[in-house]
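Written below as structure tokens is the structure these notes are about.
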Amino acid sequence: PRELGFNHIPPYWSFGWHQCRYGFHNISEVEFVVRRYAEEEIPLETIWIDIDYMDKFEDFSTDPVNFPLPQVQDFLARIHENGQKMVVIVDPAIHARLGYEAFDTGVEKDIFVKNKDGDIFIGTVWPGSTAFPDWTNPDASEWWQTLLVNWQHNDLNVDGIWIDMNEAAITVMENAGQTLARERSWEVFVRLKSKNASFMRLVDMSEMHFSAHLRT
């Protein structure tokens with residue numbers, strides 16, 4: 001129906017065999033895995049890389065030591081020549097660091113979810129202090145698309161993006177002495193590794209969104 005739109009048609013390559021895991025120490029390990037598939041004559045359509053490739057777990061970056069950009073670009077070009085694809089993870093959880101383009105432009109365009117006092121709501125995700133895009137803001141999608149397209153065109157011509165932490169989820173590392181500033185009865189802890197391990201919760205819906213004026 002026109003009111004709902006049409007189903008997304010996935011690319012043909014997405015139906016093939018994909019290799020995905022967390023814990024690649026460097027790009028050489030990724031290359032090794034892809035090579036072993038070829039040696040064992042197992043058709044591999046796509047390789048996925050988790051947050052391991054990032055520099056300080058910041059979106060739109062590569063670790064200069066373990067995933068140096070020229071080496072990753074060379075690997076990507078070679079698998080493309082072989083008809084294979086690569087997908088990398090990108091978290092819509094932006095490191096709240098001045099000088100980081102994604103954060104600076106988000107602040108400039110007033111993209112992030114705010115506290116009740118009007119300050120940017122800061123949670124904790126992989127890079128540490130983190131701001132969250134407010135997708136009810138009509139400018140948020142264009143801001144996010146610009147970041148993605150510029151990164152893909154200028155740095156990594158990846159074939160797909162793996163979106164994670166977009167709930168938006170917050171990690172709470174009790175073993176690092178970090179605790180939630182507030183408790184809410186609706187908070188959902190979705191992971192518990194051990195008694196001292198990390199929890200995950202969702203952003204409090206009482207935080208201010210662009211569409212807050214629509215509330216009754």
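By order in the structure tokens, chains are A, B, ...; within a chain, residues start at 1; ligands start at 1, following the order shown.
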Residue neighbourhood segment 95-97 of chain A, 12 Å, only C-alpha atoms, exclusion window fewer than 6 positions, as a PyMOL selection string: chain A and resi 55-61+103-107+112+120-133
Spatial neighbours of segment 38-44 of chain A, 12 Å, only C-alpha atoms, chain gap at least 6 places, as JSON, numbers by chain: {"A": [13, 14, 15, 16, 17, 18, 19, 20, 31, 32, 79, 82, 83, 84, 85, 86]}
Those same residues - N, CA, C and O atoms - I'd like them written as a PDB file, in the first residue's frame.
ATOM      1  N   TRP A  13      23.833 -10.379  -3.029  1.00  0.00           N
ATOM      2  CA  TRP A  13      24.958 -10.908  -2.275  1.00  0.00           C
ATOM      3  C   TRP A  13      24.618 -11.141  -0.800  1.00  0.00           C
ATOM      4  O   TRP A  13      25.313 -11.899  -0.113  1.00  0.00           O
ATOM      5  N   SER A  14      23.567 -10.522  -0.317  1.00  0.00           N
ATOM      6  CA  SER A  14      23.227 -10.681   1.101  1.00  0.00           C
ATOM      7  C   SER A  14      22.695 -12.083   1.407  1.00  0.00           C
ATOM      8  O   SER A  14      22.597 -12.470   2.568  1.00  0.00           O
ATOM      9  N   PHE A  15      22.366 -12.859   0.373  1.00  0.00           N
ATOM     10  CA  PHE A  15      21.859 -14.211   0.586  1.00  0.00           C
ATOM     11  C   PHE A  15      22.982 -15.253   0.669  1.00  0.00           C
ATOM     12  O   PHE A  15      22.723 -16.427   0.920  1.00  0.00           O
ATOM     13  N   GLY A  16      24.219 -14.817   0.459  1.00  0.00           N
ATOM     14  CA  GLY A  16      25.337 -15.747   0.504  1.00  0.00           C
ATOM     15  C   GLY A  16      25.806 -16.021   1.930  1.00  0.00           C
ATOM     16  O   GLY A  16      25.181 -15.609   2.906  1.00  0.00           O
ATOM     17  N   TRP A  17      26.956 -16.723   2.034  1.00  0.00           N
ATOM     18  CA  TRP A  17      27.523 -17.053   3.343  1.00  0.00           C
ATOM     19  C   TRP A  17      28.327 -15.854   3.849  1.00  0.00           C
ATOM     20  O   TRP A  17      29.182 -15.312   3.165  1.00  0.00           O
ATOM     21  N   HIS A  18      28.042 -15.466   5.109  1.00  0.00           N
ATOM     22  CA  HIS A  18      28.708 -14.321   5.706  1.00  0.00           C
ATOM     23  C   HIS A  18      29.483 -14.767   6.947  1.00  0.00           C
ATOM     24  O   HIS A  18      29.008 -15.612   7.719  1.00  0.00           O
ATOM     25  N   GLN A  19      30.656 -14.183   7.158  1.00  0.00           N
ATOM     26  CA  GLN A  19      31.468 -14.434   8.347  1.00  0.00           C
ATOM     27  C   GLN A  19      31.448 -13.179   9.205  1.00  0.00           C
ATOM     28  O   GLN A  19      31.813 -12.092   8.760  1.00  0.00           O
ATOM     29  N   CYS A  20      31.009 -13.329  10.461  1.00  0.00           N
ATOM     30  CA  CYS A  20      30.892 -12.172  11.350  1.00  0.00           C
ATOM     31  C   CYS A  20      31.300 -12.579  12.751  1.00  0.00           C
ATOM     32  O   CYS A  20      30.885 -13.626  13.246  1.00  0.00           O
ATOM     33  N   GLU A  31      42.228 -10.815   7.116  1.00  0.00           N
ATOM     34  CA  GLU A  31      42.750 -11.345   5.859  1.00  0.00           C
ATOM     35  C   GLU A  31      42.982 -12.853   5.955  1.00  0.00           C
ATOM     36  O   GLU A  31      42.701 -13.596   4.998  1.00  0.00           O
ATOM     37  N   PHE A  32      43.465 -13.298   7.101  1.00  0.00           N
ATOM     38  CA  PHE A  32      43.717 -14.725   7.304  1.00  0.00           C
ATOM     39  C   PHE A  32      42.424 -15.530   7.204  1.00  0.00           C
ATOM     40  O   PHE A  32      42.377 -16.583   6.561  1.00  0.00           O
ATOM     41  N   ILE A  79      39.294  -7.833  -2.057  1.00  0.00           N
ATOM     42  CA  ILE A  79      38.115  -8.699  -1.973  1.00  0.00           C
ATOM     43  C   ILE A  79      37.057  -8.257  -2.980  1.00  0.00           C
ATOM     44  O   ILE A  79      36.307  -9.083  -3.498  1.00  0.00           O
ATOM     45  N   ASN A  82      37.656  -9.836  -6.103  1.00  0.00           N
ATOM     46  CA  ASN A  82      37.265 -11.243  -6.033  1.00  0.00           C
ATOM     47  C   ASN A  82      35.749 -11.421  -5.953  1.00  0.00           C
ATOM     48  O   ASN A  82      35.256 -12.535  -5.752  1.00  0.00           O
ATOM     49  N   GLY A  83      35.013 -10.323  -6.062  1.00  0.00           N
ATOM     50  CA  GLY A  83      33.555 -10.385  -6.014  1.00  0.00           C
ATOM     51  C   GLY A  83      32.984 -10.522  -4.620  1.00  0.00           C
ATOM     52  O   GLY A  83      31.803 -10.847  -4.464  1.00  0.00           O
ATOM     53  N   GLN A  84      33.805 -10.245  -3.593  1.00  0.00           N
ATOM     54  CA  GLN A  84      33.340 -10.354  -2.212  1.00  0.00           C
ATOM     55  C   GLN A  84      33.022  -8.977  -1.639  1.00  0.00           C
ATOM     56  O   GLN A  84      33.372  -7.944  -2.213  1.00  0.00           O
ATOM     57  N   LYS A  85      32.364  -8.971  -0.494  1.00  0.00           N
ATOM     58  CA  LYS A  85      31.890  -7.733   0.110  1.00  0.00           C
ATOM     59  C   LYS A  85      32.402  -7.610   1.547  1.00  0.00           C
ATOM     60  O   LYS A  85      32.830  -8.583   2.156  1.00  0.00           O
ATOM     61  N   MET A  86      32.296  -6.374   2.065  1.00  0.00           N
ATOM     62  CA  MET A  86      32.643  -6.144   3.465  1.00  0.00           C
ATOM     63  C   MET A  86      31.608  -5.245   4.125  1.00  0.00           C
ATOM     64  O   MET A  86      31.167  -4.252   3.537  1.00  0.00           O
TER      65      MET A  86
END
d(atom CA of Asp52 of chain A, atom CA of Phe67 of chain A) in Å: 8.4 Å
Helix (DSSP H, G or I) per DSSP on the backbone: members of segment 53-191 of chain A, as JSON, numbers by chain: {"A": [53, 69, 70, 71, 72, 73, 74, 75, 76, 77, 78, 79, 80, 81, 101, 102, 103, 104, 105, 106, 107, 108, 140, 141, 142, 143, 144, 145, 146, 147, 148, 149, 150, 151, 152, 153, 154, 174, 175, 176]}
Distance in Å - atom CA of Glu108 of chain A versus atom CA of Pro138 of chain A: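 Rounded to one decimal, the two atoms are 14.5 Å apart.
For the pair atom CA of Leu148 of chain A and atom CA of Asn166 of chain A, the separation is 15.2 Å.
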Exercise: segment 72-74 of chain A partners within 9 Å, only C-alpha atoms, chain neighbours under 4 positions left out, as a VMD selection string: chain A and resid 27 62 67 to 68 78 to 79 155 to 157
Hey, can you spit out that residue selection with N, CA, C and O atoms as a PDB file, in the first residue's frame?
ATOM      1  N   ILE A  27      43.856  -6.214  11.109  1.00  0.00           N
ATOM      2  CA  ILE A  27      43.374  -6.501   9.756  1.00  0.00           C
ATOM      3  C   ILE A  27      44.008  -7.770   9.206  1.00  0.00           C
ATOM      4  O   ILE A  27      43.415  -8.469   8.371  1.00  0.00           O
ATOM      5  N   THR A  62      39.459   4.446  11.832  1.00  0.00           N
ATOM      6  CA  THR A  62      40.126   3.146  11.851  1.00  0.00           C
ATOM      7  C   THR A  62      41.327   3.235  12.784  1.00  0.00           C
ATOM      8  O   THR A  62      42.013   4.266  12.846  1.00  0.00           O
ATOM      9  N   PHE A  67      44.439  -1.488  12.493  1.00  0.00           N
ATOM     10  CA  PHE A  67      43.658  -1.437  11.252  1.00  0.00           C
ATOM     11  C   PHE A  67      44.017  -0.157  10.490  1.00  0.00           C
ATOM     12  O   PHE A  67      43.149   0.682  10.238  1.00  0.00           O
ATOM     13  N   PRO A  68      45.298   0.001  10.122  1.00  0.00           N
ATOM     14  CA  PRO A  68      45.697   1.218   9.403  1.00  0.00           C
ATOM     15  C   PRO A  68      44.899   1.363   8.116  1.00  0.00           C
ATOM     16  O   PRO A  68      44.719   0.401   7.372  1.00  0.00           O
ATOM     17  N   ARG A  78      41.000  -5.678  -2.774  1.00  0.00           N
ATOM     18  CA  ARG A  78      41.293  -7.043  -3.224  1.00  0.00           C
ATOM     19  C   ARG A  78      40.070  -7.957  -3.136  1.00  0.00           C
ATOM     20  O   ARG A  78      39.832  -8.761  -4.030  1.00  0.00           O
ATOM     21  N   ILE A  79      39.294  -7.833  -2.057  1.00  0.00           N
ATOM     22  CA  ILE A  79      38.115  -8.699  -1.973  1.00  0.00           C
ATOM     23  C   ILE A  79      37.057  -8.257  -2.980  1.00  0.00           C
ATOM     24  O   ILE A  79      36.307  -9.083  -3.498  1.00  0.00           O
ATOM     25  N   ASP A 155      37.083   7.371   2.705  1.00  0.00           N
ATOM     26  CA  ASP A 155      37.921   6.443   3.463  1.00  0.00           C
ATOM     27  C   ASP A 155      37.663   4.982   3.095  1.00  0.00           C
ATOM     28  O   ASP A 155      38.524   4.316   2.533  1.00  0.00           O
ATOM     29  N   LEU A 156      36.492   4.483   3.450  1.00  0.00           N
ATOM     30  CA  LEU A 156      36.203   3.067   3.261  1.00  0.00           C
ATOM     31  C   LEU A 156      34.964   2.874   2.400  1.00  0.00           C
ATOM     32  O   LEU A 156      33.850   3.187   2.824  1.00  0.00           O
ATOM     33  N   ASN A 157      35.181   2.327   1.224  1.00  0.00           N
ATOM     34  CA  ASN A 157      34.064   2.071   0.316  1.00  0.00           C
ATOM     35  C   ASN A 157      33.420   0.726   0.657  1.00  0.00           C
ATOM     36  O   ASN A 157      33.404  -0.214  -0.140  1.00  0.00           O
TER      37      ASN A 157
END
Which of A:Val90, A:Met165, A:Ile111, A:Ile170 sits closest to Trp151 of chain A [using only C-alpha atoms]: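 Closest to Trp151 of chain A of all the choices is A:Val90.
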Nearest-residue call for Val158 of chain A, choices A:Leu4, A:Val113, A:Ile49, A:Ala102, using only C-alpha atoms: A:Ile49
